[in-house]
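S.K.: One structure, pasted below without further comment.
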Amino acid sequence: MTQDVAAVPAVAAQDTVAGAAATPGREQPFAALGLTADEYARIAAILGRRPTDAELAIYSVMWSEHCSYKSSRKHLRQFAEKAPATDVLLAGIGQNAGVVDVGQGYAVTFKIESHNHPSYVEPFQGAATGVGGIVRDILAMGARPVAVMDALRFGPAAAADTRRVLPGVVRGISFYGNCLGLPNIGGELAFDPCYAGNPLVNALCVGVLRHSDLKLAAATGPGNRVILFGSRTGPDGIGGASVLASASFGGAGEGAKRPSVQVGDPFMEKLLIECCLELYQAGLVVGIQDLGAAGVACATTELAAGGGTGMRVRLDSVPLRDASLGPAEILMSESQERMMAIVEPDDVAAFLAICRKWDVLATVIGEVTDTGRLEMTWHGEQVVDIPPGSAADSGPVYDRPVSRPASQEALTAAGPERLLLPSTGADLRADLMLLLGSPDGGDKTWVTEQYDRYVRGDTVLAMPHDAGLLRIDEETGLGVALATDGNGRYCQLDPYAGTQLALAEAYRNVAVTGARPLAVTNCLNFGSPEDPAVMWQFTEAVRGLADGCLQLGIPVTGGNVSFYNQTGGTPIQPTPVVGVLGVHDDVRRRVGSGFTADGASIVLLGETRAEFGGSLWAWLRHGHLGGRPPAVDLEAERALAALLAAAAARGLIQAAHDLSDGGLALALAEACLSGGTGCVVRPPADAATFLFSESAARAIVAVRPEATDDLAAASEHEGVPMAVIGRTGGPALEVTGLFSVPLAELGTAYRAALPELFS
Amino acid sequence: MTARIGVVTFPGSLDDRDACRAVQRAGAQPVELWHDEASLHGVDAVVLPGGFSYGDYLRCGAIARFAPVMGQLVEAAGRGLPVLGICNGFQILCEAHLLPGALARNAGLHFVTRDITIKIENDTSAWTRQYQRGQDIRVVLKSGEGAYMADPQTLARLEANGQVLARYASGNPNGSQRDIAGVVSEAGNVAGLMPHPEHAIDELTGPSADGLGFFASVLQAVAIP
């Protein structure tokens, strides 16, 4: 197997610390490992000598873009600097995942992470291990993982390569998540040519814990043992973080990257979850870290740095799947389903016994020291001796050049005003059917029915509702709602506003279920940070998200940056994916998105303006992307969310559905189809704007006629514009005086696109 | 005395917690049974829950049938102990030859999660006596290898003996022969069901509460007269 890792230069096992001091001039392959000459010089300055090959391996992965956030770190500080005053955060940015107090002694931890590049190279394993990785992040916080979601973006649905990538990705998520026993409760699926050579696979996991169960990644207590447990270490994914996740796909060298994708074993991960939870329950864990990107190198440096201690590790005691691996390869391996725990000496026997019960291999590989050094030996010889913080925390930070691209002016100028709006009933109907029958606007069941949404028995809402809703406490009905949103078209037009619109949509999606938005996670998918135009998009997006969260009063708890999403010199549309978590006081009063009963009044909340810039209608009908995205009004979003929460708590509304891509037209069609009930709405003079504009801060709700006055009073109280636009019932979606589509025809069109392309 | 119903956890079992909840909702006391322990702890009935026992890497249920707990289970089933295998549990019961036939990969090859309707065909078994023959119930199907297969003689025998427990009634989702969703042993105590009644015990978290009838039925079956 070792010949498969030929991309990484062979490492001599005998390059010891003493040897490195004695041979200062020896040439080392730092560039092949993704380090610059400056960075290499800096390592030598830290150590006072050249690094050993094993040390070089550690720095190369820890200082990679993927692990060190060296291009983004300067900007990400805004999330802390602009954080709203809050008392809900129990652990924040910098931990494996943020932890939020949701009341009644419960805390929730959630995070979203990208696995874009591996999923393009090997869709099935790339997506599967993306789920596995984020689940271990949540597990490492001391929480039981309780659900997953995924936000997916691909090239044009009809493109040949999409037929290779999409089914593989979906099968990978389905395989891994289903075998783990985690319900998949929602996510996104979108298509655009910009993702053709660079799909986005972002996986989210949420976990639940009691406050007292919170675990941190810190190796404290000199003398405590370091235990590696889970799968054996093999040659998979060596250098994945430095080589794969920190460079763009070019024409050459892709073959060499192929073996950098890891292989997942969800059965082992399921055992690892149950094993960890039993270890936590027994109080046997002082500190814990999952092994993801950069494997043992990352876990040891971060644990030692987190504890402010030192650590001594015998690398030759790491159980291997391939006996030929040397120290550098062991350090860099990204073999899945592994964890590292810090355990008191007296607890080691009990720890190992629980691992045996779950058939999980566990090995003491070292101990915590008070030296402030991370020391590693290989068959008795010292191969690593570094200050752990220098690898984990004080990597290089770059202030990359930022430049608004000249093309932005022209893009903004080419607005949608010149586009011909439909006006006749036939044209309006045709446009609705176009949106509804498209892979973007149509039914996603072909994907979502491959996921188990029922396991664990606490899923209250999942697809096709606006947000996933989970019950946490069976007695009290306490629950959490989660939604992720992103819109590359909006962000291409204006990354600041576009990111706030993604935040606003996720916030709104959580609110329509009746939940109160509480906290934010994000996965920032961008092109190369070495391109000043991409850096401009990135800085605008971060500023937009930080400002937006401050204004909405919900903190960013953590997140992930994925750079180098581009094909050759062409970056993807800037695609920040924003996840919002909300708390639901009583899930028994949840509000679904479908019209389920005849005779309800349909109420449009919020204000509709003629806003078609970046809209699904402009893109699908005219292939147009230009102008301004819809206006952002976060105060209006906040008022709308407050109204929806109050209305749900008082039982005023039967259904609520947010308005986003495809505007009111698509929202009405979805509400009719998911609830199996038709509707009749009366359009104003400008029917095209009424139906297809994507103005933000809007939702439709279905209200029993006798509750309409109460809702009106509540709307007035919150300052939310409201209009009764129609009524549920009948065999069709009817827009009075213009057109009508029988539900059967609507459903056939809605459900056609994905099965036709992928079955 | 409350009936005690065992729920076996194999490594890789996933719906064990849901099965326990369903047992509890039906009014019985759930007893957690561990795959590695031979004892059934004197339970009145056993549920083998869904999941991917041992990762299902060889063939679904093929390894689980050799688990220590299965020895006593097979013996007790022979003496009339009610046993219900759901999804992976059904696969295990087929592998253990407590039920005839086998479960093959879905006709569409994909894993399918869907709210479906099944028609109860046998209303006298230990697990279905609270339903009416011909009754339609709403439950959840979620499986990748759920296509029920048996040779023609076996199928004929199942039909003749009334051993078809339930059939898919809202379209055949996986290519099962004769739309078979579940079967029961000749004695009526060992049942296998591909769909999940334990996910249909409450309209808040499932498509209906129709699935509770399986658990209520066994309570009635084991009640001391």
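If you're wondering about the labels, chains in the structure tokens are A, B, ... by order shown, residues count from 1 in each chain, ligands from 1 in order shown.
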Would you list which chain B residues are within 8 Å of chain A using only C-alpha atoms, as a ChimeraX atom specification?

M.R.: /B:11-12,14-15,17-18,51-52,54-55,110-114,142,199,204-206

S.K.: As a PyMOL selection string, list the residues of segment 546-679 of chain A assigned to alpha helix (DSSP H) by DSSP on the backbone atoms of this structure.

M.R.: chain A and resi 546-552+616-622+634-649+663-675

S.K.: So that I can see what lies close to Gly108 of chain B, please list as a list of chain:residue names the residues with an atom at most 12 Å from it, counting only C-alpha atoms and leaving out residues fewer than 2 positions away in the same chain.

M.R.: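 Contacts, with the query itself left out: A:Trp446, A:Gln450, A:Pro755, A:Phe758, A:Ser759, B:Ala104, B:Arg105, B:Asn106, B:His110, B:Phe111, B:Val112, B:Ser143, B:Gly144, B:Glu145, B:Gly146, B:Ala147, B:Asn172, B:Pro173, B:Asn174, B:Gly175, B:Ser176.
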
S.K.: For atom CA of Glu75 of chain B and atom CA of Leu99 of chain B, determine how far apart the two atoms are, in Å to one decimal place.

M.R.: 13.8 Å

S.K.: Taking 5 positions as the minimum chain separation for residues in the same chain, which residues sit within 9 Å of Glu121 of chain B when counting only C-alpha atoms? Answer as a PDB file with C-alpha atoms, in the first residue's frame.

M.R.:
ATOM      1  CA  GLN B 132     -58.511  -6.858  11.969  1.00  0.00           C
ATOM      2  CA  ARG B 133     -57.709  -8.953   8.924  1.00  0.00           C
ATOM      3  CA  GLY B 134     -57.680  -6.609   5.917  1.00  0.00           C
ATOM      4  CA  GLN B 135     -56.996  -3.562   8.068  1.00  0.00           C
ATOM      5  CA  GLY B 162     -51.990 -17.868   6.559  1.00  0.00           C
ATOM      6  CA  GLN B 163     -48.371 -17.093   7.403  1.00  0.00           C
ATOM      7  CA  VAL B 164     -48.272 -13.869   5.410  1.00  0.00           C
ATOM      8  CA  LEU B 165     -48.489 -11.328   8.211  1.00  0.00           C
ATOM      9  CA  ALA B 166     -48.875  -8.168   6.144  1.00  0.00           C
ATOM     10  CA  ARG B 167     -48.552  -6.915   2.559  1.00  0.00           C
TER      11      ARG B 167
END

S.K.: Expressed in Å to a single decimal, how great is the separation between atom CA of Ile602 of chain A and atom CA of Leu644 of chain A?

M.R.: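 Taking atom CA of Ile602 of chain A as the start and atom CA of Leu644 of chain A as the end point, the length is 14.3 Å.
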